[in-house]
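Structure file final.csv with CSV, C-alpha atoms:
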chain,number,residue,atom,x,y,z
A,1,MET,CA,0.0,0.0,0.0
A,2,LYS,CA,1.3,3.4,-0.9
A,3,ILE,CA,2.2,5.6,2.1
A,4,TYR,CA,2.2,9.3,1.3
A,5,LYS,CA,4.5,11.5,3.5
A,6,ILE,CA,2.7,14.8,4.3
A,7,ALA,CA,4.3,17.8,6.0
A,8,THR,CA,1.9,20.0,7.9
A,9,ILE,CA,2.9,23.6,8.6
A,10,PRO,CA,0.1,25.4,10.6
A,11,GLY,CA,2.0,28.7,10.6
A,12,ASP,CA,0.2,31.6,12.3
A,13,GLY,CA,-3.3,32.6,13.5
A,14,ILE,CA,-6.1,30.4,12.5
A,15,GLY,CA,-3.7,28.2,10.5
A,16,LYS,CA,-3.2,26.5,13.9
A,17,GLU,CA,-6.8,25.6,13.9
A,18,VAL,CA,-7.6,24.7,10.3
A,19,ILE,CA,-4.5,22.6,9.5
A,20,PRO,CA,-5.2,20.2,12.4
A,21,ALA,CA,-8.7,20.1,11.1
A,22,GLY,CA,-7.3,19.2,7.7
A,23,ARG,CA,-5.2,16.4,9.2
A,24,GLN,CA,-8.3,15.1,11.1
A,25,LEU,CA,-10.1,15.0,7.7
A,26,LEU,CA,-7.3,13.0,6.1
A,27,GLU,CA,-7.1,10.6,9.0
A,28,ALA,CA,-10.9,10.0,8.7
A,29,LEU,CA,-10.4,9.4,5.0
A,30,GLN,CA,-7.6,6.9,5.7
A,31,ALA,CA,-9.7,5.1,8.3
A,32,SER,CA,-12.5,4.6,5.8
A,33,SER,CA,-10.5,2.2,3.6
A,34,SER,CA,-9.1,4.8,1.2
A,35,GLY,CA,-6.6,2.3,-0.3
A,36,PHE,CA,-3.5,4.3,0.7
A,37,GLY,CA,-1.8,5.4,3.9
A,38,LEU,CA,-0.6,8.7,5.2
A,39,SER,CA,2.4,9.6,7.3
A,40,PHE,CA,2.4,13.1,8.9
A,41,GLU,CA,5.2,15.3,10.2
A,42,ASN,CA,4.3,18.7,11.8
A,43,PHE,CA,6.6,21.7,11.6
A,44,GLY,CA,6.0,24.5,14.1
A,45,TRP,CA,7.4,27.3,11.9
A,46,GLY,CA,6.0,30.8,11.8
A,47,GLY,CA,5.6,33.8,14.1
A,48,ASP,CA,6.2,31.9,17.3
A,49,TRP,CA,9.4,30.3,15.8
A,50,TYR,CA,10.5,33.8,14.8
A,51,ARG,CA,10.2,35.1,18.3
A,52,GLU,CA,12.3,32.3,19.7
A,53,HIS,CA,14.9,32.0,16.9
A,54,GLY,CA,14.8,35.2,14.9
A,55,VAL,CA,13.8,33.5,11.7
A,56,MET,CA,10.4,32.2,10.4
A,57,MET,CA,11.9,28.7,9.6
A,58,PRO,CA,15.3,27.1,10.0
A,59,ALA,CA,18.0,27.6,7.5
A,60,ASP,CA,17.9,23.9,6.6
A,61,GLY,CA,14.1,23.8,6.6
A,62,LEU,CA,13.8,23.1,2.9
A,63,ASP,CA,15.9,19.9,3.4
A,64,ALA,CA,13.4,18.7,6.0
A,65,LEU,CA,10.6,19.1,3.4
A,66,ARG,CA,12.4,18.0,0.3
A,67,HIS,CA,11.4,14.3,0.4
A,68,LYS,CA,7.8,14.8,1.4
A,69,ASP,CA,5.1,14.0,-1.1
A,70,ALA,CA,3.1,17.2,-0.3
A,71,ILE,CA,2.9,20.1,2.1
A,72,LEU,CA,-0.3,21.3,3.8
A,73,PHE,CA,0.2,24.9,4.9
A,74,GLY,CA,-1.9,27.1,7.1
A,75,SER,CA,-0.9,30.8,6.9
A,76,ALA,CA,1.9,33.2,7.4
A,77,GLY,CA,1.2,36.5,9.2
A,78,ASP,CA,1.5,37.9,12.7
A,79,PRO,CA,0.6,41.4,13.8
A,80,GLN,CA,3.8,41.7,15.9
A,81,ILE,CA,6.0,40.9,12.9
A,82,PRO,CA,6.3,43.0,9.7
A,83,ASP,CA,4.4,41.3,6.8
A,84,HIS,CA,7.4,41.2,4.5
A,85,ILE,CA,9.3,39.1,7.1
A,86,THR,CA,6.5,36.6,7.7
A,87,LEU,CA,5.8,36.2,3.9
A,88,TRP,CA,9.4,36.1,2.6
A,89,GLY,CA,10.7,34.1,5.6
A,90,LEU,CA,8.2,31.2,5.3
A,91,ARG,CA,5.7,30.9,2.5
A,92,LEU,CA,7.7,32.4,-0.3
A,93,LYS,CA,10.9,30.8,1.0
A,94,ILE,CA,9.2,27.4,0.4
A,95,CYS,CA,7.4,28.4,-2.9
A,96,GLN,CA,10.6,29.8,-4.4
A,97,GLY,CA,12.9,27.2,-2.9
A,98,PHE,CA,10.9,24.4,-4.5
A,99,ASP,CA,10.2,26.4,-7.7
A,100,GLN,CA,6.4,26.0,-7.2
A,101,TYR,CA,5.9,28.3,-10.2
A,102,ALA,CA,2.2,27.5,-10.8
A,103,ASN,CA,-0.3,28.8,-8.2
A,104,VAL,CA,-3.7,27.3,-9.0
A,105,ARG,CA,-6.9,28.7,-7.5
A,106,PRO,CA,-10.2,27.0,-8.3
A,107,THR,CA,-13.4,29.0,-7.6
A,108,ARG,CA,-17.0,28.0,-7.8
A,109,ILE,CA,-20.2,28.5,-5.8
A,110,LEU,CA,-20.5,25.4,-3.5
A,111,THR,CA,-23.8,23.8,-2.8
A,112,GLY,CA,-25.8,25.8,-0.2
A,113,ILE,CA,-23.7,28.9,-0.2
A,114,ASP,CA,-25.4,32.3,-0.8
A,115,ALA,CA,-23.0,34.1,-3.1
A,116,PRO,CA,-23.1,37.9,-3.6
A,117,LEU,CA,-23.8,37.7,-7.4
A,118,LYS,CA,-27.6,37.3,-7.2
A,119,ARG,CA,-28.1,37.2,-10.9
A,120,CYS,CA,-25.4,34.5,-11.3
A,121,ALA,CA,-26.4,30.8,-11.5
A,122,PRO,CA,-23.9,28.6,-9.8
A,123,ALA,CA,-22.8,27.1,-13.1
A,124,ASP,CA,-21.9,30.6,-14.3
A,125,LEU,CA,-19.1,30.9,-11.8
A,126,ASP,CA,-16.7,28.0,-12.2
A,127,TRP,CA,-13.2,29.3,-12.7
A,128,VAL,CA,-9.6,28.3,-12.2
A,129,ILE,CA,-7.1,31.2,-11.9
A,130,VAL,CA,-3.5,30.3,-12.7
A,131,ARG,CA,-1.1,32.6,-11.0
A,132,GLU,CA,2.6,32.9,-12.0
A,133,ASN,CA,4.2,32.2,-8.7
A,134,SER,CA,7.9,32.6,-9.0
A,135,GLU,CA,8.7,36.0,-10.5
A,136,GLY,CA,6.8,39.1,-11.8
A,137,GLU,CA,5.9,41.7,-9.3
A,138,TYR,CA,7.0,39.5,-6.4
A,139,SER,CA,10.5,38.8,-7.6
A,140,GLY,CA,12.0,40.5,-4.5
A,141,ILE,CA,14.3,42.7,-6.6
A,142,GLY,CA,14.7,46.3,-5.5
A,143,GLY,CA,15.9,48.2,-2.5
A,144,ARG,CA,15.8,51.4,-0.5
A,145,VAL,CA,18.4,54.1,-0.1
A,146,HIS,CA,18.7,57.4,1.9
A,147,GLN,CA,16.1,56.1,4.3
A,148,GLY,CA,14.4,58.8,6.4
A,149,HIS,CA,15.7,61.7,4.1
A,150,PRO,CA,13.6,63.7,1.6
A,151,ILE,CA,15.6,62.1,-1.2
A,152,GLU,CA,14.7,58.5,0.0
A,153,VAL,CA,14.1,56.1,-2.9
A,154,ALA,CA,12.4,52.7,-2.8
A,155,THR,CA,12.1,50.4,-5.8
A,156,ASP,CA,10.4,47.1,-6.5
A,157,VAL,CA,11.3,45.7,-9.9
A,158,SER,CA,8.8,43.4,-11.7
A,159,MET,CA,11.0,40.8,-13.5
A,160,MET,CA,9.6,38.5,-16.1
A,161,THR,CA,11.7,36.0,-18.0
A,162,ARG,CA,10.9,34.3,-21.2
A,163,VAL,CA,11.3,30.8,-19.6
A,164,GLY,CA,9.1,31.9,-16.7
A,165,VAL,CA,6.3,33.2,-18.9
A,166,GLU,CA,6.5,30.4,-21.4
A,167,ARG,CA,6.1,27.7,-18.7
A,168,ILE,CA,3.2,29.4,-16.9
A,169,MET,CA,1.4,30.0,-20.2
A,170,ARG,CA,1.9,26.4,-21.3
A,171,PHE,CA,0.7,25.2,-18.0
A,172,ALA,CA,-2.5,27.4,-18.2
A,173,PHE,CA,-3.3,26.4,-21.8
A,174,LYS,CA,-2.8,22.7,-20.9
A,175,LEU,CA,-5.1,23.1,-17.9
A,176,ALA,CA,-7.7,25.0,-20.0
A,177,ALA,CA,-7.6,22.1,-22.5
A,178,SER,CA,-8.4,19.6,-19.8
A,179,ARG,CA,-11.6,21.5,-18.7
A,180,PRO,CA,-14.9,21.1,-20.5
A,181,ARG,CA,-15.1,24.6,-22.0
A,182,ARG,CA,-11.5,24.7,-23.3
A,183,HIS,CA,-11.3,28.4,-22.9
A,184,LEU,CA,-8.5,30.6,-21.5
A,185,THR,CA,-8.4,34.3,-20.7
A,186,VAL,CA,-5.0,35.9,-20.6
A,187,ILE,CA,-4.9,38.8,-18.1
A,188,THR,CA,-2.6,41.6,-19.1
A,189,LYS,CA,-1.8,45.3,-18.6
A,190,SER,CA,0.2,45.9,-21.7
A,191,ASN,CA,-1.4,49.2,-22.4
A,192,ALA,CA,0.4,50.8,-19.5
A,193,GLN,CA,3.3,48.3,-18.8
A,194,ARG,CA,4.9,48.4,-22.2
A,195,HIS,CA,7.9,46.1,-21.8
A,196,ALA,CA,7.4,43.0,-19.7
A,197,MET,CA,3.6,42.8,-20.2
A,198,VAL,CA,4.0,43.2,-24.0
A,199,MET,CA,6.4,40.2,-23.9
A,200,TRP,CA,3.7,38.4,-21.8
A,201,ASP,CA,1.2,39.0,-24.6
A,202,GLU,CA,3.6,38.0,-27.3
A,203,ILE,CA,4.4,34.7,-25.6
A,204,ALA,CA,0.7,34.0,-25.1
A,205,VAL,CA,0.2,34.2,-28.9
A,206,GLN,CA,3.2,31.9,-29.4
A,207,ILE,CA,2.1,29.2,-26.9
A,208,ALA,CA,-1.5,29.4,-28.1
A,209,ARG,CA,-0.4,27.8,-31.4
A,210,GLU,CA,0.5,24.6,-29.5
A,211,PHE,CA,-3.1,24.3,-28.3
A,212,PRO,CA,-5.4,24.7,-31.3
A,213,GLU,CA,-8.2,23.1,-29.3
A,214,VAL,CA,-8.3,25.9,-26.8
A,215,THR,CA,-10.1,29.2,-27.6
A,216,TRP,CA,-8.6,32.2,-25.8
A,217,ASP,CA,-9.0,35.9,-25.3
A,218,LYS,CA,-7.1,38.7,-23.7
A,219,GLU,CA,-8.4,41.1,-21.0
A,220,LEU,CA,-6.8,44.1,-19.2
A,221,VAL,CA,-6.7,43.4,-15.5
A,222,ASP,CA,-8.9,46.3,-14.5
A,223,ALA,CA,-11.5,45.3,-17.1
A,224,ALA,CA,-11.3,41.8,-15.8
A,225,THR,CA,-12.6,42.8,-12.4
A,226,ALA,CA,-15.8,44.2,-14.0
A,227,ARG,CA,-16.1,41.1,-16.2
A,228,MET,CA,-15.9,38.8,-13.2
A,229,VAL,CA,-18.8,40.7,-11.7
A,230,ASN,CA,-21.0,41.5,-14.7
A,231,ARG,CA,-20.3,38.5,-17.1
A,232,PRO,CA,-19.0,35.6,-15.0
A,233,ALA,CA,-20.2,33.0,-17.4
A,234,THR,CA,-17.7,34.3,-20.1
A,235,LEU,CA,-14.8,33.2,-18.0
A,236,ASP,CA,-13.4,29.7,-17.3
A,237,THR,CA,-9.6,29.4,-16.9
A,238,LEU,CA,-7.6,32.6,-16.4
A,239,VAL,CA,-3.8,33.1,-16.3
A,240,ALA,CA,-2.2,36.2,-14.8
A,241,THR,CA,1.0,37.6,-13.3
A,242,ASN,CA,1.9,37.1,-9.6
A,243,LEU,CA,0.3,40.4,-8.5
A,244,HIS,CA,-2.7,40.5,-10.8
A,245,ALA,CA,-3.8,36.9,-10.0
A,246,ASP,CA,-3.2,37.6,-6.3
A,247,VAL,CA,-5.8,40.3,-6.4
A,248,LEU,CA,-8.2,38.7,-8.8
A,249,SER,CA,-8.3,35.4,-6.9
A,250,ASP,CA,-9.4,37.2,-3.7
A,251,LEU,CA,-12.2,38.9,-5.7
A,252,ALA,CA,-13.2,35.5,-7.1
A,253,ALA,CA,-13.4,33.9,-3.7
A,254,ALA,CA,-15.5,36.8,-2.3
A,255,LEU,CA,-17.8,36.5,-5.3
A,256,ALA,CA,-18.2,32.8,-4.6
A,257,GLY,CA,-19.2,33.5,-1.0
A,258,SER,CA,-16.2,33.8,1.2
A,259,LEU,CA,-12.4,33.8,1.4
A,260,GLY,CA,-12.9,31.1,4.0
A,261,ILE,CA,-13.9,28.5,1.5
A,262,ALA,CA,-11.1,29.1,-1.1
A,263,PRO,CA,-8.2,26.8,-1.7
A,264,THR,CA,-4.9,27.0,-3.6
A,265,GLY,CA,-2.1,24.8,-4.7
A,266,ASN,CA,1.5,26.0,-5.2
A,267,ILE,CA,2.5,23.5,-7.8
A,268,ASP,CA,5.8,22.2,-9.2
A,269,PRO,CA,4.4,20.7,-12.4
A,270,GLU,CA,7.6,18.8,-13.1
A,271,ARG,CA,7.3,17.1,-9.7
A,272,ARG,CA,11.0,17.7,-8.8
A,273,TYR,CA,9.9,18.9,-5.3
A,274,PRO,CA,6.8,18.6,-3.1
A,275,SER,CA,3.9,20.9,-3.9
A,276,MET,CA,2.2,22.9,-1.2
A,277,PHE,CA,-1.5,23.3,-0.6
A,278,GLU,CA,-3.2,26.0,1.5
A,279,PRO,CA,-6.4,28.0,2.1
A,280,ILE,CA,-6.1,31.5,0.9
A,281,HIS,CA,-7.8,33.2,3.9
A,282,GLY,CA,-4.6,34.3,5.8
A,283,SER,CA,-3.9,34.2,9.5
A,284,ALA,CA,-7.1,36.1,10.6
A,285,PHE,CA,-5.7,37.0,14.1
A,286,ASP,CA,-9.0,38.7,15.0
A,287,ILE,CA,-10.8,35.3,15.3
A,288,MET,CA,-7.8,33.2,16.4
A,289,GLY,CA,-8.6,30.8,19.1
A,290,LEU,CA,-12.4,31.4,19.0
A,291,GLY,CA,-13.3,28.3,17.0
A,292,LEU,CA,-14.8,30.5,14.3
A,293,ALA,CA,-12.5,29.7,11.4
A,294,ASN,CA,-14.0,28.1,8.4
A,295,PRO,CA,-12.1,24.9,7.6
A,296,VAL,CA,-13.6,24.4,4.2
A,297,GLY,CA,-10.8,26.3,2.4
A,298,THR,CA,-8.4,23.8,4.0
A,299,PHE,CA,-10.6,20.8,3.1
A,300,TRP,CA,-10.8,21.9,-0.5
A,301,SER,CA,-7.0,22.4,-0.5
A,302,VAL,CA,-6.8,18.7,0.7
A,303,VAL,CA,-8.9,17.8,-2.3
A,304,MET,CA,-6.4,19.5,-4.6
A,305,MET,CA,-3.5,17.7,-2.8
A,306,LEU,CA,-5.2,14.3,-3.3
A,307,GLU,CA,-5.7,15.1,-7.0
A,308,HIS,CA,-2.1,16.1,-7.3
A,309,LEU,CA,-1.0,12.8,-5.6
A,310,GLY,CA,-3.1,10.9,-8.2
A,311,GLU,CA,-5.8,9.8,-5.7
A,312,SER,CA,-8.7,11.2,-7.8
A,313,ALA,CA,-11.4,8.9,-6.3
A,314,ALA,CA,-10.5,10.0,-2.7
A,315,ALA,CA,-10.5,13.6,-3.8
A,316,GLN,CA,-13.9,13.2,-5.3
A,317,ARG,CA,-15.2,11.6,-2.0
A,318,VAL,CA,-13.9,14.5,0.0
A,319,MET,CA,-15.4,17.1,-2.3
A,320,GLN,CA,-18.7,15.4,-2.1
A,321,ALA,CA,-18.5,15.3,1.7
A,322,ILE,CA,-17.7,19.0,1.7
A,323,GLU,CA,-20.7,19.9,-0.4
A,324,HIS,CA,-23.0,17.7,1.6
A,325,VAL,CA,-22.0,19.8,4.6
A,326,THR,CA,-22.1,23.2,2.9
A,327,ALA,CA,-25.7,22.4,1.7
A,328,ASN,CA,-26.7,22.4,5.4
A,329,GLN,CA,-26.9,26.1,6.4
A,330,ALA,CA,-26.9,25.1,10.1
A,331,LEU,CA,-23.3,24.1,9.4
A,332,HIS,CA,-22.2,27.4,8.0
A,333,THR,CA,-19.5,29.3,9.9
A,334,ARG,CA,-19.7,33.0,10.6
A,335,ASP,CA,-18.1,34.1,7.4
A,336,LEU,CA,-21.0,32.5,5.6
A,337,GLY,CA,-23.6,34.0,7.8
A,338,GLY,CA,-24.0,31.1,10.2
A,339,ASN,CA,-22.9,30.2,13.8
A,340,ALA,CA,-21.2,26.8,13.3
A,341,THR,CA,-17.8,26.3,14.8
A,342,THR,CA,-14.6,25.0,13.2
A,343,ALA,CA,-15.0,21.7,15.2
A,344,GLU,CA,-18.7,21.2,14.2
A,345,VAL,CA,-17.9,21.6,10.5
A,346,THR,CA,-14.9,19.4,10.8
A,347,ALA,CA,-16.9,16.7,12.6
A,348,ALA,CA,-19.7,16.9,10.0
A,349,VAL,CA,-17.4,16.5,7.0
A,350,CYS,CA,-15.5,13.6,8.7
A,351,ALA,CA,-18.8,11.9,9.4
A,352,GLU,CA,-19.7,12.0,5.7
A,353,LEU,CA,-16.6,9.9,5.0
A,354,LEU,CA,-17.5,7.1,7.2
A,355,PRO,CA,-18.6,3.9,5.5
Written as structure tokens, that's how I'd like the structure from this file.
Amino acid sequence: MKIYKIATIPGDGIGKEVIPAGRQLLEALQASSSGFGLSFENFGWGGDWYREHGVMMPADGLDALRHKDAILFGSAGDPQIPDHITLWGLRLKICQGFDQYANVRPTRILTGIDAPLKRCAPADLDWVIVRENSEGEYSGIGGRVHQGHPIEVATDVSMMTRVGVERIMRFAFKLAASRPRRHLTVITKSNAQRHAMVMWDEIAVQIAREFPEVTWDKELVDAATARMVNRPATLDTLVATNLHADVLSDLAAALAGSLGIAPTGNIDPERRYPSMFEPIHGSAFDIMGLGLANPVGTFWSVVMMLEHLGESAAAQRVMQAIEHVTANQALHTRDLGGNATTAEVTAAVCAELLP
């Protein structure tokens, strides 16, 4: 029997609540004769680790993760630590260290959830946003000089490479080809960013020739926000730069009902390194420890992890269990307008997996 080695990194805030819930779900799945085994190792990296050691994770942390099959990650963010330290010191250190260049964020309206788009049928909002996850606006290139003086200068350089753009475009076209509608929207801002984004557009045209079965169009990122609201059914798969997709995917999650239900996968498509799966909701320190966090985003991330591991039947079982629970409004957490607790939702989804 195949035994998958899973690293869990709760991180900060409500990550310490939803990642144990995700592990509880996986253990329930394993107990219900899933046909495979799971071996967990937990890593207590994050804000607390920083306060004790001065870094968000050990210098050799990547070596501890390198031979895992997948990583289940909670969140990085602590109100007592500057955001650039928490992000670059943990999440981005793992994403970039393992070249997880494809960030994949599915979005749809789950059964029983009242989404803000009242004119939108659930089938009209079924998207996957592909985010370039290794360069672009989050390359980390730049600096500050003359700090504190009137002549202070700060720069952040958006860097795009041909190899980086080609590989994310090819990944997005291939993903679009695997979906029923076979349609891709390339998000751009080449009207204002006349160098890197023009190259982005040119490469999209080149890669599109490899996928004649995929229809595609191009949309400016600002116009895309309006299109997501006013014409959701015209979108299916989207590909965007690191910053643009970061913003659009949060809008997508809100339009589907809540950031609390949204998953993401940081994928190394070549499978040289473990990929990392996480809810997108962040550390949410305002509700930490209150039992109010919605674990559905983590559970859907588990679905993505199982699909990546090749356990599609198990992934489908978990997704069905999630939607059986979201269909019951008595089991909606506060972000969805209900009063259910993290523990109640977790117990309900786990119960759905019992034979």
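With distances restricted to all atoms listed in the file, A:Asp78 is the closest residue to A:Gly46 from A:Asp201, A:Glu344, A:Asp78, A:Glu219.
Of the listed residues A:Arg144, A:Lys93, A:Arg182, A:Arg194, the one whose atoms come nearest to A:Asp217 is A:Arg182, with distances taken using all atoms listed in the file.
The space separating atom CA of A:Asp12 from atom CA of A:Leu72 comes to 13.4 Å.
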Which distance in Å separates atom CA of A:Arg209 and atom CA of A:Thr237, to one decimal?
-> 17.2 Å
List the neighbours of stretch 320-324 of chain A out to 10 Å using only C-alpha atoms; skip same-chain residues closer than 3 positions along the sequence, and give me the result as a ChimeraX atom specification.
-> /A:110-113,296,299-300,303,314-317,327-328,345-346,348-354
File dump, residues just selected, C-alpha atoms, as a PDB file, in the coordinates of the input:
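Okay, this is what ended up in selection-v8.pdb:
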ATOM      1  CA  LEU A 110     -20.500  25.400  -3.500  1.00  0.00           C
ATOM      2  CA  THR A 111     -23.800  23.800  -2.800  1.00  0.00           C
ATOM      3  CA  GLY A 112     -25.800  25.800  -0.200  1.00  0.00           C
ATOM      4  CA  ILE A 113     -23.700  28.900  -0.200  1.00  0.00           C
ATOM      5  CA  VAL A 296     -13.600  24.400   4.200  1.00  0.00           C
ATOM      6  CA  PHE A 299     -10.600  20.800   3.100  1.00  0.00           C
ATOM      7  CA  TRP A 300     -10.800  21.900  -0.500  1.00  0.00           C
ATOM      8  CA  VAL A 303      -8.900  17.800  -2.300  1.00  0.00           C
ATOM      9  CA  ALA A 314     -10.500  10.000  -2.700  1.00  0.00           C
ATOM     10  CA  ALA A 315     -10.500  13.600  -3.800  1.00  0.00           C
ATOM     11  CA  GLN A 316     -13.900  13.200  -5.300  1.00  0.00           C
ATOM     12  CA  ARG A 317     -15.200  11.600  -2.000  1.00  0.00           C
ATOM     13  CA  ALA A 327     -25.700  22.400   1.700  1.00  0.00           C
ATOM     14  CA  ASN A 328     -26.700  22.400   5.400  1.00  0.00           C
ATOM     15  CA  VAL A 345     -17.900  21.600  10.500  1.00  0.00           C
ATOM     16  CA  THR A 346     -14.900  19.400  10.800  1.00  0.00           C
ATOM     17  CA  ALA A 348     -19.700  16.900  10.000  1.00  0.00           C
ATOM     18  CA  VAL A 349     -17.400  16.500   7.000  1.00  0.00           C
ATOM     19  CA  CYS A 350     -15.500  13.600   8.700  1.00  0.00           C
ATOM     20  CA  ALA A 351     -18.800  11.900   9.400  1.00  0.00           C
ATOM     21  CA  GLU A 352     -19.700  12.000   5.700  1.00  0.00           C
ATOM     22  CA  LEU A 353     -16.600   9.900   5.000  1.00  0.00           C
ATOM     23  CA  LEU A 354     -17.500   7.100   7.200  1.00  0.00           C
TER      24      LEU A 354
END
Separation of atom CA of A:Gly297 and atom CA of A:Trp88, in Å?
-> 22.5 Å
Considering only C-alpha atoms, return as a VMD selection string whatever protein or nucleic-acid residues lie within 10 Å of stretch 279-292 of chain A, sequence-local ones (same chain, fewer than 6 positions apart) excluded.
-> chain A and resid 10 to 19 72 to 79 105 246 249 to 250 253 258 to 265 298 to 302 333 to 335 339 to 344
Mind dumping the selected residues with C-alpha atoms as a PDB file, in the coordinates of the input?
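Contents of the output file again.pdb:
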ATOM      1  CA  PRO A  10       0.100  25.400  10.600  1.00  0.00           C
ATOM      2  CA  GLY A  11       2.000  28.700  10.600  1.00  0.00           C
ATOM      3  CA  ASP A  12       0.200  31.600  12.300  1.00  0.00           C
ATOM      4  CA  GLY A  13      -3.300  32.600  13.500  1.00  0.00           C
ATOM      5  CA  ILE A  14      -6.100  30.400  12.500  1.00  0.00           C
ATOM      6  CA  GLY A  15      -3.700  28.200  10.500  1.00  0.00           C
ATOM      7  CA  LYS A  16      -3.200  26.500  13.900  1.00  0.00           C
ATOM      8  CA  GLU A  17      -6.800  25.600  13.900  1.00  0.00           C
ATOM      9  CA  VAL A  18      -7.600  24.700  10.300  1.00  0.00           C
ATOM     10  CA  ILE A  19      -4.500  22.600   9.500  1.00  0.00           C
ATOM     11  CA  LEU A  72      -0.300  21.300   3.800  1.00  0.00           C
ATOM     12  CA  PHE A  73       0.200  24.900   4.900  1.00  0.00           C
ATOM     13  CA  GLY A  74      -1.900  27.100   7.100  1.00  0.00           C
ATOM     14  CA  SER A  75      -0.900  30.800   6.900  1.00  0.00           C
ATOM     15  CA  ALA A  76       1.900  33.200   7.400  1.00  0.00           C
ATOM     16  CA  GLY A  77       1.200  36.500   9.200  1.00  0.00           C
ATOM     17  CA  ASP A  78       1.500  37.900  12.700  1.00  0.00           C
ATOM     18  CA  PRO A  79       0.600  41.400  13.800  1.00  0.00           C
ATOM     19  CA  ARG A 105      -6.900  28.700  -7.500  1.00  0.00           C
ATOM     20  CA  ASP A 246      -3.200  37.600  -6.300  1.00  0.00           C
ATOM     21  CA  SER A 249      -8.300  35.400  -6.900  1.00  0.00           C
ATOM     22  CA  ASP A 250      -9.400  37.200  -3.700  1.00  0.00           C
ATOM     23  CA  ALA A 253     -13.400  33.900  -3.700  1.00  0.00           C
ATOM     24  CA  SER A 258     -16.200  33.800   1.200  1.00  0.00           C
ATOM     25  CA  LEU A 259     -12.400  33.800   1.400  1.00  0.00           C
ATOM     26  CA  GLY A 260     -12.900  31.100   4.000  1.00  0.00           C
ATOM     27  CA  ILE A 261     -13.900  28.500   1.500  1.00  0.00           C
ATOM     28  CA  ALA A 262     -11.100  29.100  -1.100  1.00  0.00           C
ATOM     29  CA  PRO A 263      -8.200  26.800  -1.700  1.00  0.00           C
ATOM     30  CA  THR A 264      -4.900  27.000  -3.600  1.00  0.00           C
ATOM     31  CA  GLY A 265      -2.100  24.800  -4.700  1.00  0.00           C
ATOM     32  CA  THR A 298      -8.400  23.800   4.000  1.00  0.00           C
ATOM     33  CA  PHE A 299     -10.600  20.800   3.100  1.00  0.00           C
ATOM     34  CA  TRP A 300     -10.800  21.900  -0.500  1.00  0.00           C
ATOM     35  CA  SER A 301      -7.000  22.400  -0.500  1.00  0.00           C
ATOM     36  CA  VAL A 302      -6.800  18.700   0.700  1.00  0.00           C
ATOM     37  CA  THR A 333     -19.500  29.300   9.900  1.00  0.00           C
ATOM     38  CA  ARG A 334     -19.700  33.000  10.600  1.00  0.00           C
ATOM     39  CA  ASP A 335     -18.100  34.100   7.400  1.00  0.00           C
ATOM     40  CA  ASN A 339     -22.900  30.200  13.800  1.00  0.00           C
ATOM     41  CA  ALA A 340     -21.200  26.800  13.300  1.00  0.00           C
ATOM     42  CA  THR A 341     -17.800  26.300  14.800  1.00  0.00           C
ATOM     43  CA  THR A 342     -14.600  25.000  13.200  1.00  0.00           C
ATOM     44  CA  ALA A 343     -15.000  21.700  15.200  1.00  0.00           C
ATOM     45  CA  GLU A 344     -18.700  21.200  14.200  1.00  0.00           C
TER      46      GLU A 344
END
Report the closest atom pair, with its distance in Å rounded to one decimal, for each residue of stretch 220-311 of chain A that has an atom no farther than 12 Å from stretch 30-39 of chain A; count all atoms listed in the file, sort by chain and then rising residue number, and write it as a tab-separated table.
residue	atom	partner	partner_atom	distance
A:Leu306	CA	A:Phe36	CA	10.9
A:Leu309	CA	A:Phe36	CA	10.9
A:Gly310	CA	A:Phe36	CA	11.1
A:Glu311	CA	A:Phe36	CA	8.7
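Residue nearest A:Glu210 within the list A:Lys189, A:Arg170, A:Arg231, A:His183: A:Arg170 [criterion: smallest interatomic distance, all atoms listed in the file].
Distance check against A:Pro232 using all atoms listed in the file: of A:Leu175, A:Leu117, A:Leu87, A:Ala21, the minimum falls on A:Leu117.
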What's the 10 Å shell around A:Val145, counting only C-alpha atoms, without same-chain residues fewer than 6 positions away, as a VMD selection string?
-> chain A and resid 151 to 155
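In terms of minimum interatomic distance to A:Asn191, A:Leu220 ranks closest within A:Val325, A:Leu220, A:Ile94, A:Val247, counting only C-alpha atoms.
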Contact residues around A:Ile267 with all atoms listed in the file at 12 Å, ignoring same-chain residues under 3 positions, as a ChimeraX atom specification | /A:69-71,94-96,98-105,130-134,168,171,264,270-278,304-305,307-309
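When the distance limit is 9 Å and all atoms listed in the file are what count, the residues near A:Val239, minus those fewer than 5 positions from it on the same chain, are Val128, Ile129, Val130, Arg131, Glu132, Ile168, Met169, Ala172, Phe173, Leu184, Thr185, Val186, Ile187 and Ala245 of chain A.
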Closest to A:Ile109 among A:Trp45, A:Tyr4, A:Trp216, A:Trp127, using all atoms listed in the file?
-> A:Trp127
